[in-house]
file model.cif (mmCIF, C-alpha atoms; chains and numbers go by the auth columns)
data_start
#
loop_
_atom_site.group_PDB
_atom_site.id
_atom_site.type_symbol
_atom_site.label_atom_id
_atom_site.label_comp_id
_atom_site.label_asym_id
_atom_site.label_seq_id
_atom_site.Cartn_x
_atom_site.Cartn_y
_atom_site.Cartn_z
_atom_site.B_iso_or_equiv
_atom_site.auth_seq_id
_atom_site.auth_asym_id
ATOM 1 C CA MET A 1 -1.483 59.709 -8.802 0.00 1 A
ATOM 2 C CA LYS A 2 -0.311 63.129 -10.043 0.00 2 A
ATOM 3 C CA LYS A 3 -1.048 66.240 -8.007 0.00 3 A
ATOM 4 C CA SER A 4 -3.292 67.603 -10.754 0.00 4 A
ATOM 5 C CA GLU A 5 -5.361 64.397 -10.737 0.00 5 A
ATOM 6 C CA ILE A 6 -5.645 64.402 -6.933 0.00 6 A
ATOM 7 C CA ARG A 7 -6.604 68.102 -7.006 0.00 7 A
ATOM 8 C CA LYS A 8 -9.346 67.539 -9.579 0.00 8 A
ATOM 9 C CA LYS A 9 -10.736 64.491 -7.755 0.00 9 A
ATOM 10 C CA ILE A 10 -10.752 66.064 -4.275 0.00 10 A
ATOM 11 C CA ILE A 11 -12.202 69.407 -5.376 0.00 11 A
ATOM 12 C CA LYS A 12 -15.042 67.520 -7.089 0.00 12 A
ATOM 13 C CA LYS A 13 -15.559 65.437 -3.935 0.00 13 A
ATOM 14 C CA ARG A 14 -15.450 68.545 -1.750 0.00 14 A
ATOM 15 C CA ARG A 15 -18.163 70.163 -3.864 0.00 15 A
ATOM 16 C CA GLU A 16 -20.339 67.026 -3.582 0.00 16 A
ATOM 17 C CA TYR A 17 -19.858 66.502 0.159 0.00 17 A
ATOM 18 C CA TYR A 18 -19.774 70.119 1.269 0.00 18 A
ATOM 19 C CA SER A 19 -22.087 70.963 4.120 0.00 19 A
ATOM 20 C CA SER A 20 -22.075 74.005 6.345 0.00 20 A
ATOM 21 C CA LYS A 21 -22.725 71.519 9.153 0.00 21 A
ATOM 22 C CA LEU A 22 -19.211 70.065 8.795 0.00 22 A
ATOM 23 C CA LYS A 23 -17.120 72.278 11.036 0.00 23 A
ATOM 24 C CA ILE A 24 -13.775 72.318 12.766 0.00 24 A
ATOM 25 C CA ASP A 25 -13.982 72.316 16.549 0.00 25 A
ATOM 26 C CA SER A 26 -12.168 75.513 17.563 0.00 26 A
ATOM 27 C CA ARG A 27 -11.049 73.771 20.773 0.00 27 A
ATOM 28 C CA LEU A 28 -8.635 71.668 18.665 0.00 28 A
ATOM 29 C CA ILE A 29 -6.892 74.826 17.498 0.00 29 A
ATOM 30 C CA LEU A 30 -6.967 76.340 20.988 0.00 30 A
ATOM 31 C CA LYS A 31 -5.287 73.173 22.340 0.00 31 A
ATOM 32 C CA ILE A 32 -2.476 73.557 19.820 0.00 32 A
ATOM 33 C CA LEU A 33 -2.057 77.239 20.669 0.00 33 A
ATOM 34 C CA LYS A 34 -1.964 76.474 24.394 0.00 34 A
ATOM 35 C CA LYS A 35 0.490 73.583 23.976 0.00 35 A
ATOM 36 C CA GLU A 36 2.785 75.713 21.795 0.00 36 A
ATOM 37 C CA LYS A 37 2.431 78.629 24.271 0.00 37 A
ATOM 38 C CA LEU A 38 1.024 80.928 21.608 0.00 38 A
ATOM 39 C CA GLN A 39 -1.355 83.272 23.417 0.00 39 A
ATOM 40 C CA ASN A 40 -2.259 86.748 22.114 0.00 40 A
ATOM 41 C CA LYS A 41 -0.382 86.255 18.841 0.00 41 A
ATOM 42 C CA VAL A 42 -1.171 86.981 15.185 0.00 42 A
ATOM 43 C CA ILE A 43 -3.329 84.399 13.400 0.00 43 A
ATOM 44 C CA GLY A 44 -3.315 84.180 9.617 0.00 44 A
ATOM 45 C CA GLY A 45 -6.705 82.886 8.513 0.00 45 A
ATOM 46 C CA TYR A 46 -8.466 82.759 5.164 0.00 46 A
ATOM 47 C CA TYR A 47 -11.879 83.607 3.816 0.00 47 A
ATOM 48 C CA PRO A 48 -13.393 80.318 2.556 0.00 48 A
ATOM 49 C CA TYR A 49 -13.581 79.863 -1.187 0.00 49 A
ATOM 50 C CA ASN A 50 -14.544 76.975 -3.471 0.00 50 A
ATOM 51 C CA PHE A 51 -16.130 74.788 -0.756 0.00 51 A
ATOM 52 C CA GLU A 52 -13.225 75.106 1.701 0.00 52 A
ATOM 53 C CA ILE A 53 -13.894 74.562 5.385 0.00 53 A
ATOM 54 C CA ASP A 54 -15.278 77.777 6.834 0.00 54 A
ATOM 55 C CA ASP A 55 -12.824 79.096 9.419 0.00 55 A
ATOM 56 C CA ILE A 56 -14.661 82.375 10.119 0.00 56 A
ATOM 57 C CA GLU A 57 -16.287 81.117 13.348 0.00 57 A
ATOM 58 C CA ILE A 58 -12.858 79.990 14.557 0.00 58 A
ATOM 59 C CA LEU A 59 -11.409 83.414 13.738 0.00 59 A
ATOM 60 C CA LYS A 60 -14.267 85.099 15.644 0.00 60 A
ATOM 61 C CA LYS A 61 -13.508 83.008 18.735 0.00 61 A
ATOM 62 C CA LEU A 62 -9.779 83.663 18.463 0.00 62 A
ATOM 63 C CA GLU A 63 -10.349 87.402 18.107 0.00 63 A
ATOM 64 C CA LYS A 64 -12.458 87.345 21.305 0.00 64 A
ATOM 65 C CA LYS A 65 -9.482 85.680 23.024 0.00 65 A
ATOM 66 C CA ASN A 66 -7.234 88.621 22.041 0.00 66 A
ATOM 67 C CA TYR A 67 -5.551 87.117 18.993 0.00 67 A
ATOM 68 C CA VAL A 68 -4.907 89.534 16.135 0.00 68 A
ATOM 69 C CA ILE A 69 -6.556 88.209 12.971 0.00 69 A
ATOM 70 C CA SER A 70 -5.095 88.657 9.503 0.00 70 A
ATOM 71 C CA LEU A 71 -6.220 87.538 6.051 0.00 71 A
ATOM 72 C CA PRO A 72 -4.256 87.250 2.801 0.00 72 A
ATOM 73 C CA LYS A 73 -4.203 89.591 -0.164 0.00 73 A
ATOM 74 C CA ILE A 74 -2.989 88.177 -3.459 0.00 74 A
ATOM 75 C CA LYS A 75 -0.209 90.153 -5.137 0.00 75 A
ATOM 76 C CA LYS A 76 1.593 89.908 -8.472 0.00 76 A
ATOM 77 C CA ASN A 77 3.919 87.010 -9.323 0.00 77 A
ATOM 78 C CA PHE A 78 2.052 84.423 -7.234 0.00 78 A
ATOM 79 C CA GLN A 79 2.843 86.265 -3.996 0.00 79 A
ATOM 80 C CA MET A 80 0.631 87.171 -1.064 0.00 80 A
ATOM 81 C CA ASP A 81 0.823 89.019 2.230 0.00 81 A
ATOM 82 C CA PHE A 82 -1.405 89.034 5.300 0.00 82 A
ATOM 83 C CA PHE A 83 -3.158 92.136 6.585 0.00 83 A
ATOM 84 C CA LYS A 84 -4.930 92.867 9.841 0.00 84 A
ATOM 85 C CA TRP A 85 -8.649 92.128 9.735 0.00 85 A
ATOM 86 C CA SER A 86 -11.426 92.108 12.293 0.00 86 A
ATOM 87 C CA ILE A 87 -14.766 90.341 12.002 0.00 87 A
ATOM 88 C CA LYS A 88 -16.385 93.796 11.845 0.00 88 A
ATOM 89 C CA ASP A 89 -14.191 94.977 8.938 0.00 89 A
ATOM 90 C CA PRO A 90 -15.354 94.995 5.314 0.00 90 A
ATOM 91 C CA LEU A 91 -13.851 92.763 2.644 0.00 91 A
ATOM 92 C CA ILE A 92 -13.424 93.300 -1.083 0.00 92 A
ATOM 93 C CA ILE A 93 -13.512 90.638 -3.803 0.00 93 A
ATOM 94 C CA ASN A 94 -10.272 90.289 -5.805 0.00 94 A
ATOM 95 C CA LYS A 95 -9.894 89.335 -9.495 0.00 95 A
ATOM 96 C CA MET A 96 -9.921 85.629 -8.567 0.00 96 A
ATOM 97 C CA GLY A 97 -13.238 85.971 -6.713 0.00 97 A
ATOM 98 C CA ILE A 98 -11.649 85.669 -3.257 0.00 98 A
ATOM 99 C CA ALA A 99 -12.560 88.017 -0.400 0.00 99 A
ATOM 100 C CA GLU A 100 -9.656 90.098 0.919 0.00 100 A
ATOM 101 C CA PRO A 101 -9.258 92.664 3.716 0.00 101 A
ATOM 102 C CA THR A 102 -9.268 96.368 2.840 0.00 102 A
ATOM 103 C CA SER A 103 -6.602 97.096 5.482 0.00 103 A
ATOM 104 C CA ASN A 104 -3.018 97.953 4.542 0.00 104 A
ATOM 105 C CA ASN A 105 -1.778 97.044 8.039 0.00 105 A
ATOM 106 C CA LEU A 106 0.718 94.278 7.172 0.00 106 A
ATOM 107 C CA LYS A 107 0.987 91.429 9.707 0.00 107 A
ATOM 108 C CA TYR A 108 3.300 88.416 9.770 0.00 108 A
ATOM 109 C CA PRO A 109 1.305 85.606 11.398 0.00 109 A
ATOM 110 C CA ASP A 110 2.693 83.505 14.225 0.00 110 A
ATOM 111 C CA ILE A 111 0.095 80.840 13.396 0.00 111 A
ATOM 112 C CA LEU A 112 -1.143 80.231 9.866 0.00 112 A
ATOM 113 C CA LEU A 113 -4.406 78.393 9.117 0.00 113 A
ATOM 114 C CA VAL A 114 -3.933 76.907 5.656 0.00 114 A
ATOM 115 C CA PRO A 115 -6.847 75.682 3.529 0.00 115 A
ATOM 116 C CA LEU A 116 -5.958 72.320 1.983 0.00 116 A
ATOM 117 C CA VAL A 117 -7.137 70.614 -1.173 0.00 117 A
ATOM 118 C CA ALA A 118 -5.543 67.335 -0.026 0.00 118 A
ATOM 119 C CA PHE A 119 -3.080 66.062 2.585 0.00 119 A
ATOM 120 C CA ASP A 120 -1.342 62.822 3.507 0.00 120 A
ATOM 121 C CA LYS A 121 -0.210 61.170 6.756 0.00 121 A
ATOM 122 C CA ASN A 122 3.128 63.023 6.568 0.00 122 A
ATOM 123 C CA PHE A 123 1.361 66.435 6.447 0.00 123 A
ATOM 124 C CA ASN A 124 2.315 67.037 2.846 0.00 124 A
ATOM 125 C CA ARG A 125 -0.341 69.131 1.182 0.00 125 A
ATOM 126 C CA ILE A 126 -1.826 70.049 -2.140 0.00 126 A
ATOM 127 C CA GLY A 127 -3.329 73.470 -2.705 0.00 127 A
ATOM 128 C CA TYR A 128 -4.703 74.935 -5.916 0.00 128 A
ATOM 129 C CA GLY A 129 -1.321 74.682 -7.638 0.00 129 A
ATOM 130 C CA GLY A 130 -0.124 78.297 -7.576 0.00 130 A
ATOM 131 C CA GLY A 131 2.390 77.810 -4.763 0.00 131 A
ATOM 132 C CA PHE A 132 1.121 80.900 -2.885 0.00 132 A
ATOM 133 C CA TYR A 133 1.258 79.341 0.585 0.00 133 A
ATOM 134 C CA ASP A 134 4.562 77.505 -0.014 0.00 134 A
ATOM 135 C CA ARG A 135 6.270 80.729 -1.111 0.00 135 A
ATOM 136 C CA TYR A 136 4.686 82.741 1.700 0.00 136 A
ATOM 137 C CA ILE A 137 5.634 80.269 4.450 0.00 137 A
ATOM 138 C CA LYS A 138 9.199 80.037 3.158 0.00 138 A
ATOM 139 C CA ARG A 139 9.503 83.838 3.073 0.00 139 A
ATOM 140 C CA VAL A 140 8.052 84.333 6.575 0.00 140 A
ATOM 141 C CA ARG A 141 10.184 81.543 8.055 0.00 141 A
ATOM 142 C CA SER A 142 13.255 83.483 6.905 0.00 142 A
ATOM 143 C CA ILE A 143 12.023 86.322 9.192 0.00 143 A
ATOM 144 C CA LYS A 144 10.386 84.521 12.143 0.00 144 A
ATOM 145 C CA GLU A 145 8.987 81.247 13.412 0.00 145 A
ATOM 146 C CA ILE A 146 5.524 80.336 12.154 0.00 146 A
ATOM 147 C CA ILE A 147 3.277 77.376 13.058 0.00 147 A
ATOM 148 C CA THR A 148 1.222 76.004 10.151 0.00 148 A
ATOM 149 C CA ILE A 149 -2.132 74.318 10.716 0.00 149 A
ATOM 150 C CA GLY A 150 -3.720 72.745 7.655 0.00 150 A
ATOM 151 C CA ILE A 151 -7.536 72.780 7.620 0.00 151 A
ATOM 152 C CA ALA A 152 -9.444 70.141 5.645 0.00 152 A
ATOM 153 C CA PHE A 153 -12.341 67.720 5.658 0.00 153 A
ATOM 154 C CA SER A 154 -11.377 64.158 6.654 0.00 154 A
ATOM 155 C CA PHE A 155 -12.223 62.864 3.149 0.00 155 A
ATOM 156 C CA GLN A 156 -9.448 65.079 1.732 0.00 156 A
ATOM 157 C CA LYS A 157 -6.789 62.762 3.185 0.00 157 A
ATOM 158 C CA VAL A 158 -5.004 60.718 0.502 0.00 158 A
ATOM 159 C CA ASN A 159 -2.471 57.898 0.740 0.00 159 A
ATOM 160 C CA LYS A 160 0.575 59.724 -0.587 0.00 160 A
ATOM 161 C CA ILE A 161 1.400 63.074 -2.108 0.00 161 A
ATOM 162 C CA GLN A 162 4.390 63.337 -4.409 0.00 162 A
ATOM 163 C CA VAL A 163 6.569 66.087 -2.929 0.00 163 A
ATOM 164 C CA ASP A 164 8.520 68.684 -4.885 0.00 164 A
ATOM 165 C CA ARG A 165 11.482 70.572 -3.430 0.00 165 A
ATOM 166 C CA ASN A 166 9.364 73.747 -2.996 0.00 166 A
ATOM 167 C CA ASP A 167 6.529 72.004 -1.112 0.00 167 A
ATOM 168 C CA ILE A 168 6.234 72.811 2.576 0.00 168 A
ATOM 169 C CA LYS A 169 4.704 70.382 5.081 0.00 169 A
ATOM 170 C CA MET A 170 2.169 71.454 7.654 0.00 170 A
ATOM 171 C CA ASP A 171 3.029 71.295 11.360 0.00 171 A
ATOM 172 C CA PHE A 172 -0.521 70.116 12.138 0.00 172 A
ATOM 173 C CA VAL A 173 -3.605 69.114 10.174 0.00 173 A
ATOM 174 C CA ILE A 174 -7.094 69.457 11.607 0.00 174 A
ATOM 175 C CA THR A 175 -10.266 67.974 10.162 0.00 175 A
ATOM 176 C CA GLU A 176 -13.845 67.904 11.395 0.00 176 A
ATOM 177 C CA LYS A 177 -12.983 64.544 12.989 0.00 177 A
ATOM 178 C CA ASN A 178 -9.359 64.720 14.176 0.00 178 A
ATOM 179 C CA LYS A 179 -6.225 66.662 14.967 0.00 179 A
ATOM 180 C CA PHE A 180 -3.045 65.215 13.478 0.00 180 A
ATOM 181 C CA LYS A 181 0.499 65.996 14.630 0.00 181 A
#
call {"tool": "encode", "arguments": {"input": "model.cif", "output": "structure tokens"}}
result
Amino acid sequence: MKKSEIRKKIIKKRREYYSSKLKIDSRLILKILKKEKLQNKVIGGYYPYNFEIDDIEILKKLEKKNYVISLPKIKKNFQMDFFKWSIKDPLIINKMGIAEPTSNNLKYPDILLVPLVAFDKNFNRIGYGGGFYDRYIKRVRSIKEIITIGIAFSFQKVNKIQVDRNDIKMDFVITEKNKFK
């Protein structure tokens, strides 16, 4: 199946099955951070959009444990950067309808929580098709090491995703049911 077909099918399914009761257990992420020896680092999160898993509660818990939280701002030419954000800080809505931080304090995350449209057993992922996260991860990895944790519902797992040369795999994928490595 083509990426565009998978994307359309899974987004429709996500809309149908979405429930605020389906949550990621923050302990799964904390286990990864402990295992990778990543305490008091910068976390790149996201503000949920289009029935994505809500990671805000996770970000609140991580902030209480002295992690610096950052969220993305979309820029021109399908680029984005992450900026410091606290749970108490305001957000603004961009042209795409996505909430972004008002801060101009640029942060390069050590750990990036990536919202997924779909994923497979090899941690290949499909996003919305703009390549924002692939470009961002590639750019940051040229500067520093970054751990990527894909966040999805278990029903977003598909058999196989056709990979392009610009696609970047996740290091981990977490669902409401499991952690995959």
call {"tool": "resolve_selection", "arguments": {"input": "model.cif", "expression": "the PyMOL selection byres ((chain A and resi 132) around 8)", "output": "PyMOL selection string"}}
result
chain A and resi 78-80+130-131+133-136
call {"tool": "residues_near_point", "arguments": {"input": "model.cif", "point": "(2.2, 98.9, 10.8)", "cutoff": "10 Å", "atoms": "all atoms listed in the file", "output": "CSV table (one decimal) with C-alpha atoms, keeping the file's coordinate frame"}}
result
chain,number,residue,atom,x,y,z
A,83,PHE,CA,-3.2,92.1,6.6
A,84,LYS,CA,-4.9,92.9,9.8
A,104,ASN,CA,-3.0,98.0,4.5
A,105,ASN,CA,-1.8,97.0,8.0
A,106,LEU,CA,0.7,94.3,7.2
A,107,LYS,CA,1.0,91.4,9.7
call {"tool": "atom_distance", "arguments": {"input": "model.cif", "atom1": "atom CA of A:Glu5", "atom2": "atom CA of A:Lys76"}}
result
26.5 Å
call {"tool": "residues_near_point", "arguments": {"input": "model.cif", "point": "(-20.0, 66.8, 7.0)", "cutoff": "12 Å", "atoms": "all atoms listed in the file", "output": "NGL selection string"}}
result
:A and (13-24 or 51-54 or 152-156 or 175-177)
call {"tool": "atom_distance", "arguments": {"input": "model.cif", "atom1": "atom CA of A:Asn159", "atom2": "atom CA of A:Tyr46"}}
result
26.0 Å
call {"tool": "resolve_selection", "arguments": {"input": "model.cif", "expression": "the PyMOL selection byres ((chain A and resi 170) around 7)", "output": "PyMOL selection string"}}
result
chain A and resi 123-124+148-150+168-169+171-173
